[in-house]
Structures are given as structure tokens and as C-alpha cells.
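Okay, structure31.txt is below, compact mmCIF, C-alpha atoms:
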```txt
# COMPACT_ATOMS: atom_id res chain seq x y z
CA MET M 15 -41.46 120.86 -152.41
CA ILE M 16 -37.89 121.91 -153.12
CA LEU M 17 -36.81 125.48 -153.86
CA VAL M 18 -33.78 125.52 -156.17
CA PRO M 19 -32.29 129.04 -156.15
CA GLU M 20 -29.55 128.11 -158.63
CA LEU M 21 -32.28 127.38 -161.21
CA GLU M 22 -34.95 129.71 -159.79
CA THR M 23 -37.26 126.71 -159.97
CA ILE M 24 -39.70 124.98 -157.62
CA LEU M 25 -39.86 121.19 -157.69
CA ILE M 26 -43.14 119.57 -156.63
CA LEU M 27 -42.65 116.10 -155.12
CA VAL M 28 -45.67 113.88 -155.75
CA PRO M 29 -45.57 110.72 -153.59
CA ARG M 30 -44.39 107.58 -155.43
CA THR M 31 -43.10 109.38 -158.51
CA ALA M 32 -39.39 108.80 -157.77
CA SER M 33 -39.57 111.79 -155.43
CA ARG M 34 -36.81 110.55 -153.11
CA SER M 35 -34.43 109.86 -156.00
CA ILE M 36 -35.17 113.28 -157.49
CA ALA M 37 -34.72 115.04 -154.14
CA ASN M 38 -31.37 113.34 -153.52
CA ALA M 39 -30.09 114.23 -156.98
CA VAL M 40 -31.13 117.87 -156.62
CA LYS M 41 -29.57 118.15 -153.15
CA ALA M 42 -26.28 116.77 -154.48
CA ALA M 43 -26.21 119.09 -157.49
CA TYR M 44 -27.51 122.29 -155.91
CA PRO M 45 -26.21 123.09 -152.40
CA GLN M 46 -28.56 126.08 -152.01
CA SER M 47 -31.67 123.96 -152.62
CA MET M 48 -34.16 123.79 -149.75
CA MET M 49 -36.81 121.15 -149.10
CA LEU M 50 -39.31 123.21 -147.13
CA TYR M 51 -42.05 120.59 -147.31
CA ARG M 52 -41.95 116.91 -148.23
CA HIS M 53 -45.10 116.76 -150.37
CA MET M 54 -46.61 120.26 -150.48
CA GLU M 55 -48.86 120.91 -153.47
CA ALA M 56 -48.15 123.52 -156.15
CA ASP M 57 -50.63 125.98 -154.65
CA GLY M 58 -48.57 126.03 -151.43
CA VAL M 59 -45.58 127.92 -152.83
CA PRO M 60 -44.27 130.27 -150.11
CA HIS M 61 -44.75 134.02 -150.40
CA GLY M 62 -42.19 135.67 -152.64
CA TYR M 63 -41.48 132.64 -154.80
CA GLU M 64 -44.70 132.61 -156.81
CA ALA M 65 -42.98 133.83 -159.99
CA TRP M 66 -40.57 130.89 -160.13
CA PRO M 67 -41.61 128.11 -162.51
CA ARG M 68 -43.00 124.94 -160.94
CA ILE M 69 -42.12 121.50 -162.26
CA GLY M 70 -43.22 118.01 -161.27
CA VAL M 71 -43.86 114.42 -162.35
CA VAL M 72 -47.13 112.67 -163.18
CA ARG M 73 -47.49 108.88 -163.04
CA ASN M 74 -50.11 106.39 -164.22
CA PRO M 75 -52.55 106.61 -161.28
CA VAL M 76 -53.13 102.86 -160.99
CA GLU M 77 -49.40 102.15 -160.92
CA ARG M 78 -48.79 104.99 -158.46
CA LEU M 79 -51.42 103.73 -156.01
CA TRP M 80 -50.08 100.18 -156.32
CA SER M 81 -46.58 101.45 -155.56
CA LEU M 82 -47.87 103.34 -152.52
CA TYR M 83 -49.84 100.34 -151.27
CA ARG M 84 -46.73 98.13 -151.37
CA PHE M 85 -44.62 100.85 -149.76
CA LEU M 86 -47.06 101.18 -146.86
CA ASN M 87 -46.97 97.44 -146.23
CA ASP M 88 -43.32 97.83 -145.28
CA VAL M 89 -42.98 101.51 -144.34
CA GLY M 90 -39.70 101.96 -142.48
CA ARG M 91 -39.40 102.04 -138.71
CA LYS M 92 -37.26 105.16 -139.03
CA HIS M 93 -40.54 107.05 -139.21
CA TYR M 94 -42.62 108.17 -136.22
CA ALA M 95 -44.02 104.99 -134.63
CA PRO M 96 -47.72 106.04 -134.45
CA TYR M 97 -47.54 107.08 -138.11
CA VAL M 98 -46.00 103.74 -139.10
CA GLU M 99 -48.68 101.83 -137.21
CA ALA M 100 -51.49 103.82 -138.83
CA GLN M 101 -50.08 103.41 -142.33
CA ARG M 102 -49.44 99.69 -141.99
CA ALA M 103 -52.89 99.17 -140.50
CA CYS M 104 -54.59 100.86 -143.44
CA VAL M 105 -53.23 98.30 -145.94
CA GLN M 106 -54.47 95.22 -144.08
CA MET M 107 -56.84 94.54 -146.98
CA ASN M 108 -56.26 93.64 -150.60
CA PHE M 109 -55.23 96.37 -153.02
CA SER M 110 -58.51 96.53 -154.91
CA ASP M 111 -60.46 97.07 -151.68
CA TRP M 112 -57.90 99.56 -150.35
CA VAL M 113 -58.30 101.78 -153.41
CA VAL M 114 -62.02 102.04 -152.70
CA SER M 115 -62.14 101.99 -148.89
CA ASN M 116 -58.98 103.56 -147.44
CA LEU M 117 -59.58 106.59 -145.21
CA THR M 118 -56.05 107.11 -143.88
CA VAL M 119 -54.16 110.19 -145.11
CA PHE M 120 -50.62 109.42 -146.26
CA THR M 121 -49.04 112.76 -145.44
CA ASN M 122 -50.02 115.86 -143.51
CA GLN M 123 -48.71 117.97 -140.66
CA TYR M 124 -50.89 116.53 -137.90
CA ASP M 125 -49.76 114.14 -135.16
CA SER M 126 -50.82 110.53 -135.85
CA ALA M 127 -50.76 109.89 -132.09
CA GLY M 128 -53.43 112.52 -131.47
CA PHE M 129 -51.37 114.74 -129.15
CA GLY M 130 -52.00 117.89 -131.16
CA ARG M 131 -48.42 118.37 -132.32
CA ILE M 132 -47.60 119.83 -135.73
CA PHE M 133 -44.81 118.55 -137.98
CA PRO M 134 -44.32 121.51 -140.36
CA GLN M 135 -42.10 119.70 -142.87
CA TYR M 136 -45.06 117.45 -143.77
CA THR M 137 -47.53 120.29 -144.26
CA VAL M 138 -49.98 120.02 -147.15
CA ARG M 139 -52.91 122.20 -148.18
CA HIS M 140 -55.16 119.31 -149.18
CA SER M 141 -55.27 116.58 -146.53
CA ILE M 142 -56.97 113.85 -148.56
CA PRO M 143 -56.31 110.08 -148.67
CA GLU M 144 -54.15 109.25 -151.70
CA ASN M 145 -56.78 106.88 -153.10
CA ARG M 146 -58.95 109.99 -153.61
CA LYS M 147 -56.25 112.59 -154.19
CA SER M 148 -55.67 113.27 -157.86
CA GLN M 149 -52.16 114.31 -158.86
CA HIS M 150 -53.88 117.45 -160.13
CA PHE M 151 -53.98 118.61 -156.48
CA TYR M 152 -50.20 118.30 -156.32
CA LEU M 153 -49.24 119.59 -159.76
CA ARG M 154 -51.90 122.20 -160.56
CA PRO M 155 -51.32 122.53 -164.29
CA ASP M 156 -53.68 125.51 -164.22
CA LEU M 157 -50.94 127.36 -162.29
CA GLY M 158 -48.49 126.73 -165.12
CA THR M 159 -46.64 123.74 -163.67
CA VAL M 160 -44.43 122.04 -166.26
CA ILE M 161 -45.23 118.34 -165.97
CA PHE M 162 -42.92 115.45 -166.85
CA ASP M 163 -43.95 111.85 -167.48
CA PHE M 164 -42.79 109.30 -164.92
CA ASN M 165 -42.01 106.89 -167.76
CA ASN M 166 -39.51 109.33 -169.25
CA LEU M 167 -37.67 110.84 -166.31
CA GLY M 168 -34.72 111.54 -168.57
CA ASN M 169 -36.53 114.70 -169.68
CA LEU M 170 -36.80 115.88 -166.07
CA ALA M 171 -33.15 115.01 -165.43
CA ALA M 172 -32.16 117.09 -168.45
CA ARG M 173 -34.29 120.01 -167.24
CA LEU M 174 -32.66 119.86 -163.81
CA LYS M 175 -29.20 118.97 -165.18
CA VAL M 176 -28.87 116.00 -162.80
CA THR M 177 -28.43 112.24 -162.96
CA LEU M 178 -31.29 110.29 -161.41
CA PRO M 179 -30.40 107.03 -159.63
CA LEU M 180 -33.17 104.57 -158.83
CA LEU M 181 -33.71 104.77 -155.07
CA ASN M 182 -36.53 103.86 -152.70
CA ALA M 183 -38.15 101.72 -155.38
CA THR M 184 -40.72 99.09 -154.50
CA ASP M 185 -40.53 95.68 -156.16
CA SER M 186 -41.73 95.16 -159.71
CA ARG M 187 -44.75 92.95 -159.05
CA PRO M 188 -47.55 93.85 -161.50
CA VAL M 189 -50.81 95.41 -160.43
CA PRO M 190 -53.22 92.66 -159.35
CA PRO M 191 -56.53 92.33 -161.24
CA LEU M 192 -59.01 95.00 -160.16
CA LYS M 193 -62.71 94.72 -159.39
CA THR M 194 -65.27 96.65 -161.40
CA GLU M 195 -66.07 98.95 -158.46
CA THR M 196 -62.36 99.72 -158.05
CA ILE M 197 -62.04 100.82 -161.66
CA GLN M 198 -65.19 102.91 -161.38
CA HIS M 199 -63.70 104.54 -158.27
CA ILE M 200 -60.52 105.37 -160.19
CA GLU M 201 -62.53 106.84 -163.07
CA ARG M 202 -64.49 108.98 -160.60
CA TRP M 203 -61.54 110.37 -158.63
CA PHE M 204 -58.70 110.39 -161.16
CA PRO M 205 -60.02 111.55 -164.55
CA TRP M 206 -57.25 114.11 -164.96
CA ASP M 207 -54.56 111.56 -164.09
CA LEU M 208 -55.96 109.03 -166.55
CA GLU M 209 -55.99 111.56 -169.37
CA ALA M 210 -52.56 112.98 -168.50
CA THR M 211 -50.94 109.53 -168.63
CA ASN M 212 -53.11 108.02 -171.39
CA CYS M 213 -54.16 105.27 -168.97
CA ASN M 214 -57.16 103.01 -169.53
CA PRO M 215 -57.98 101.55 -166.09
CA TRP M 216 -60.12 98.81 -167.62
CA ASN M 217 -56.90 97.22 -168.87
CA TYR M 218 -56.37 96.25 -165.22
CA HIS M 219 -59.79 94.65 -164.83
CA GLN M 220 -59.95 91.10 -163.50
CA LEU M 221 -61.64 89.93 -166.72
CA TYR M 222 -59.38 91.84 -169.13
CA LYS M 223 -57.28 89.80 -171.55
CA ALA M 224 -54.46 91.81 -173.09
CA PRO M 225 -53.60 91.07 -176.72
CA GLU M 226 -50.47 88.98 -177.02
CA GLY M 227 -47.42 91.17 -176.60
CA ASP M 228 -49.52 94.05 -175.27
CA ALA M 229 -49.51 95.58 -171.79
CA PRO M 230 -51.81 97.91 -169.83
```
Let me see the file written as C-alpha cells.
Amino acid sequence: MILVPELETILILVPRTASRSIANAVKAAYPQSMMLYRHMEADGVPHGYEAWPRIGVVRNPVERLWSLYRFLNDVGRKHYAPYVEAQRACVQMNFSDWVVSNLTVFTNQYDSAGFGRIFPQYTVRHSIPENRKSQHFYLRPDLGTVIFDFNNLGNLAARLKVTLPLLNATDSRPVPPLKTETIQHIERWFPWDLEATNCNPWNYHQLYKAPEGDAP
């Protein structure tokens, strides 16, 4: 979550929606901007700033989870070692199984080493594994958040009056074929995300054959 006083705007940073690129661009353009929390949800706006408009990005939920899965396989050693170990351990299964079975939370304020320490910059209100955490938790459209499509970040760049470089991007390998139970899991936990991005998860099914020239 970034407060941008120059625009009187609050930017919600959903994981794996170009959040690092967006944060860097905002920091460069607006010296007064403050990243209070890395991935705080829209209902965690600090007292006194509730009247400022909230904006954020929504991404196809299957593609977002695939991006996160690949990121966790190679999460940087610059992070806290117990956190890195926990995140890398959670992806020691194939993607389809990880979507269904993962229990490890990607981001919260609690110490991964179990020493009871608090890391306030990583505070969230909803400490849920990402494979069960709809982007609705982050964006809260019911609170009036203006939502931009990940596939058209130019609109967000225009709203923020910044140029967005492509940083911290995982490789472009396509989503692997998904099992039936994985797609059913996605339908159960991400109905809002699917509707918001016009995504049909069955297009990723292991038996799906896309029409020639078509894509999921």
C-alpha cells in the first residue's frame, strides 16, 4: 500500500500484478509517496486517509498464481532466510497440486522463524494463503476501489502519470495443464477474480484443446 500525497491517492499492491514495477515508478515520480505496507489490503487504509480514492490492479487468477508459484521457486536470498526456506519448501510440488494443497501464507507480519517478532511493513488484515485469497480481499471494490486490468497497465500509468518499466518479471512459460480438482478449487475460491478478468479456468484443463489461433 502506497500513499501518494501529490495525487491524494492510495495504491493497493496486489502480489504478482507488476507491483514492484508500479511501486518503483511511483517512488521516482512522487517524492512524498510512502509505502507503509508491502501488500496491505484496501480495508487496511490508515486512519485519516479513508477519503482518498483507492486504486489497484486485478490479474487473471490462474496466471497470477502461476507467476507466484514460479517466483517462489527462486525467491531471492535478500529476504529473511527462514521466510525464504518456508516459501521455497511450499512449492516442492507441481503447480496443479500447489494450487489445491498449499497452506503457506505468502505475506504477513509474523516471524517465519517462530520467534514472535513482528515485521510491520508486511502487515496484512487477512492472513490467507494466496491459493485461497481472492484479489477481492486486496482490492475491495465494495469500498470504491478503482480497478485496472493487468493486461492494460497503460491505463494505470496514465492515471498515475508515470511510465511503467517491466521489472521483477518471471519467465514467460505458459501455465501447465491443470487437473479437474484444481480448476474446481479455483472456481470455488476465485469466482470474483474469474468474473473480473473474464477468465474461463477450464481453458487451462489438461484435456482442453484451444481452437487454432485461440488462447486461454
Q) So how many Å separate CA of Gly70 (chain M) and CA of Ile161 (chain M), to one decimal? A) 5.1 Å
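Omitting Thr121 (chain M) and its sequence neighbours fewer than 2 positions away, and counting all atoms listed in the file, the residues within 9 Å are Arg52, His53, Val119, Gln123, Tyr124, Tyr136, Thr137, Val138, Ser141, Ile142, Pro143 and Glu144 of chain M.
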Q: Please provide as number ranges by chain all residues within 8 Å of Leu86 (chain M), with the sequence filter that same-chain residues fewer than 2 positions apart are discarded (counting only C-alpha atoms).
A: M: 82-84, 88-89, 101-102, 105
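Closest approach to Tyr152 (chain M) among M:Leu50, M:Ile200, M:Ala56, M:Ala37: M:Ala56, based on all atoms listed in the file.
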Q: List every protein, DNA or RNA residue that has at least one atom no more than 10 Å from (-50.4, 109.5, -166.1) in the file's coordinates, counting only C-alpha atoms, and write the result as a list in words.
A: Val71, Val72, Arg73, Asn74, Pro75, Val76, Glu77, Arg78, Gln149, Phe162, Asp163, Phe164, Asn165, Phe204, Pro205, Trp206, Asp207, Leu208, Glu209, Ala210, Thr211, Asn212, Cys213 and Asn214 of chain M
Q.
Quick one: residues within 10 Å of Phe109 (chain M), only C-alpha atoms, excluding same-chain residues fewer than 5 positions away - as an MDAnalysis selection string?
A. chainID M and resid 79:80 83:84 114:116 189:193 196
**Q.** Tyr94 (chain M) environment, 12 Å, only C-alpha atoms, sequence neighbours closer than 2 positions dropped, as a PyMOL selection string
**A.** chain M and resi 89-92+96-101+124-127+133
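The coordinates place CA of Ile24 (chain M) at 8.1 Å from CA of Val59 (chain M).
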Q: For region 39-43 of chain M, work out the shell of residues within 10 Å, counting all atoms listed in the file and skipping chain neighbours fewer than 4 positions away, then give it as a ChimeraX atom specification.
A: /M:16-18,20,25,33-35,47-49,171,174-179
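CA of Leu153 (chain M) sits 6.4 Å away from CA of Glu55 (chain M).
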(Q) Using all atoms listed in the file for the distances, tell me which of M:Gln220, M:Gln46, M:Ser148, M:Gln106 is nearest to Val28 (chain M). (A) M:Ser148
Q: Give the answer as one residue: which of M:Arg139, M:Ser110, M:Gly168, M:Leu157 has the shortest atom-to-atom distance to His219 (chain M), using all atoms listed in the file?
A: M:Ser110
